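K.L.:
This is the structure I have questions about; it appears just below.
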Amino acid sequence: MCSMIAEQIKIDGCGKGAGGWFDLREADVSYDHPFNAPFEHALNIDFVNESMGPGARVAVELSAEAARELALTILATLDRAEAGGFLNKR
Amino acid sequence: MYTTDQYEGVLAETISIIGHQGETVYAYFARPLGAGPFPGVVLAHHMPGWDEWYKEATLRFARQGYLALCPNLYYRVGHGSPEDVAAKARAQGGVDDDQAVGDLAGAGAFLRGLPLSNGKVGIFGTCSGGRHAYLAACRTAAFDAVVDCWGGRVMMSDEELTPRQPVSPLNYTQDLACPLLGLFGEEDSSPTPEQVALHERELKRLGKTYEFHMYPNAGHGFFYQHRPNYRQEQAVDGWNKLFTFLGKHLLAGAR
């Protein structure tokens, strides 16, 4: 690894990978070399299920600007949902 | 020099070798056909993994007359597409330095032990592989020459040290016992030109044999023809310098 900036969190949800939908258990967030995005470094998020092996992965590689905008948008969306009383309803 | 009336042949295949702590890992092995003797080169793959670029680079060394061996440093991470495996290694904070050095030393020992070997083995790596190549050349006696292409984090601050990478590779410089070639880009952010200059200062201070080349208008990974950072002129010159360096140190005095 070149930057070594990597974090992992536990998550709950589903993702659609090469083999279809699967349960997500972890999200790996890094700022390091992407595999495909045309940047030297990218904000990479791998939504994975480690118990299913390396192939259980849904990947995104974002520019730093796009990642910040996404993070803010996620939080804003959750704020609206909370304000509307939608949270905690599964 | 190759001429068009010569026979050419390369054998390339996946093999198993003995790596760190006697464990088996896979490696991609390419060699010229013929009785030799040939010099060897171990390839330390980059952060994106044991991927297509490294398989092609292994073939390139073989076509240039080297026994070329590229171990899968992510072997213990599990198996899947090279990208999926490398992503998992990235999430784990990279491979353990001791493990990488052990696997690379095992690859060097494999090549040196072949009846086709001329008794000389070098090591080449780019990106994190450049760092691993430097570490292996400093910490083992397995190599007769080392090529570090833009290896990041050769110089690590105390804050950057982790249980997997507990020592800054720069601290092992006094143990480097073979010639070093370093290829870098002025626009790289890891390593920066300032970090390369500090590395060079340490090599000079310790009286090591080395040559560093800092390319203008190039950043990280300027050999990678499949990436936007590819720089044609610098890459051609870099490959030429690399093969000149290896020829000088791995062919001279061979058995």
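As shown in the structure tokens, the chain order sets the letters A, B, ...; within each chain, residues go from 1, and ligands are also counted from 1 in the order they appear.
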Could you list the residues in chain B lying within 9 Å of chain A, using only C-alpha atoms, and format the result as a PyMOL selection string?

P.N.:
chain B and resi 46-48+77-81+83-95+127-129+151-153+160+190-191+219-221+227-229

K.L.:
Under the rule that only C-alpha atoms are counted, which of B:Leu43, B:Leu69, B:Leu161, B:Ala107 is the nearest residue to Cys149 in chain B?

P.N.:
B:Leu43

K.L.:
For range 236-252 of chain B, work out the shell of residues within 6 Å, counting only C-alpha atoms and skipping chain neighbours fewer than 3 positions away, then give it as number ranges by chain.

P.N.:
B: 39, 120, 233

K.L.:
If DSSP is run on the backbone, what residues of chain A are alpha helix (DSSP H)? A reply as a list in words would be ideal.

P.N.:
Ala64, Glu65, Ala66, Ala67, Arg68, Glu69, Leu70, Ala71, Leu72, Thr73, Ile74, Leu75, Ala76, Thr77, Leu78, Asp79, Arg80, Ala81, Glu82 and Ala83 of chain A

K.L.:
Grab the residues selected above and save them as a PDB file, in the first residue's frame with C-alpha atoms.

P.N.:
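Listed below is the output, part-v9.pdb:
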```
ATOM      1  CA  ALA A  64     -12.007  13.486  -2.847  1.00  0.00           C
ATOM      2  CA  GLU A  65     -14.533  16.172  -3.840  1.00  0.00           C
ATOM      3  CA  ALA A  66     -17.134  13.636  -4.883  1.00  0.00           C
ATOM      4  CA  ALA A  67     -16.607  11.649  -1.678  1.00  0.00           C
ATOM      5  CA  ARG A  68     -17.114  14.700   0.524  1.00  0.00           C
ATOM      6  CA  GLU A  69     -20.263  15.643  -1.389  1.00  0.00           C
ATOM      7  CA  LEU A  70     -21.551  12.091  -1.076  1.00  0.00           C
ATOM      8  CA  ALA A  71     -20.894  12.010   2.666  1.00  0.00           C
ATOM      9  CA  LEU A  72     -22.715  15.316   3.187  1.00  0.00           C
ATOM     10  CA  THR A  73     -25.602  14.157   1.007  1.00  0.00           C
ATOM     11  CA  ILE A  74     -25.961  10.909   2.936  1.00  0.00           C
ATOM     12  CA  LEU A  75     -26.089  12.805   6.221  1.00  0.00           C
ATOM     13  CA  ALA A  76     -28.544  15.376   4.840  1.00  0.00           C
ATOM     14  CA  THR A  77     -30.776  12.631   3.499  1.00  0.00           C
ATOM     15  CA  LEU A  78     -30.778  10.862   6.852  1.00  0.00           C
ATOM     16  CA  ASP A  79     -31.596  14.152   8.602  1.00  0.00           C
ATOM     17  CA  ARG A  80     -34.637  14.592   6.347  1.00  0.00           C
ATOM     18  CA  ALA A  81     -35.708  11.008   6.965  1.00  0.00           C
ATOM     19  CA  GLU A  82     -35.339  11.472  10.702  1.00  0.00           C
ATOM     20  CA  ALA A  83     -37.281  14.730  10.571  1.00  0.00           C
TER      21      ALA A  83
END
```

K.L.:
B:Glu186, B:Glu23, B:Glu211, B:Glu194: which is nearest Gly106 in chain B, counting only C-alpha atoms?

P.N.:
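When distances to Gly106 in chain B are compared using only C-alpha atoms, the smallest one comes from B:Glu23.
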
K.L.:
Nearest residue to Asp175 in chain B out of B:Ala141, B:Leu59, B:Val41, B:Val146, using only C-alpha atoms?

P.N.:
B:Ala141

K.L.:
What does the structure give for the distance between CA of Ala109 in chain B and CA of Gln174 in chain B, in Å to one decimal?

P.N.:
22.5 Å

K.L.:
Any idea what's packed within 10 Å of Gly13 in chain A, counting only C-alpha atoms, ignoring anything in its chain fewer than 3 positions away? Could you give it as a VMD selection string?

P.N.:
chain A and resid 22 to 26 47

K.L.:
Can you work out the spacing between CA of Gly102 in chain B and CA of Gly19 in chain B in Å, to one decimal?

P.N.:
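Separation of CA of Gly102 in chain B and CA of Gly19 in chain B: 5.7 Å.
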
K.L.:
Just how far from CA of Tyr74 in chain B is CA of Gln165 in chain B, in Å to one decimal?

P.N.:
15.3 Å
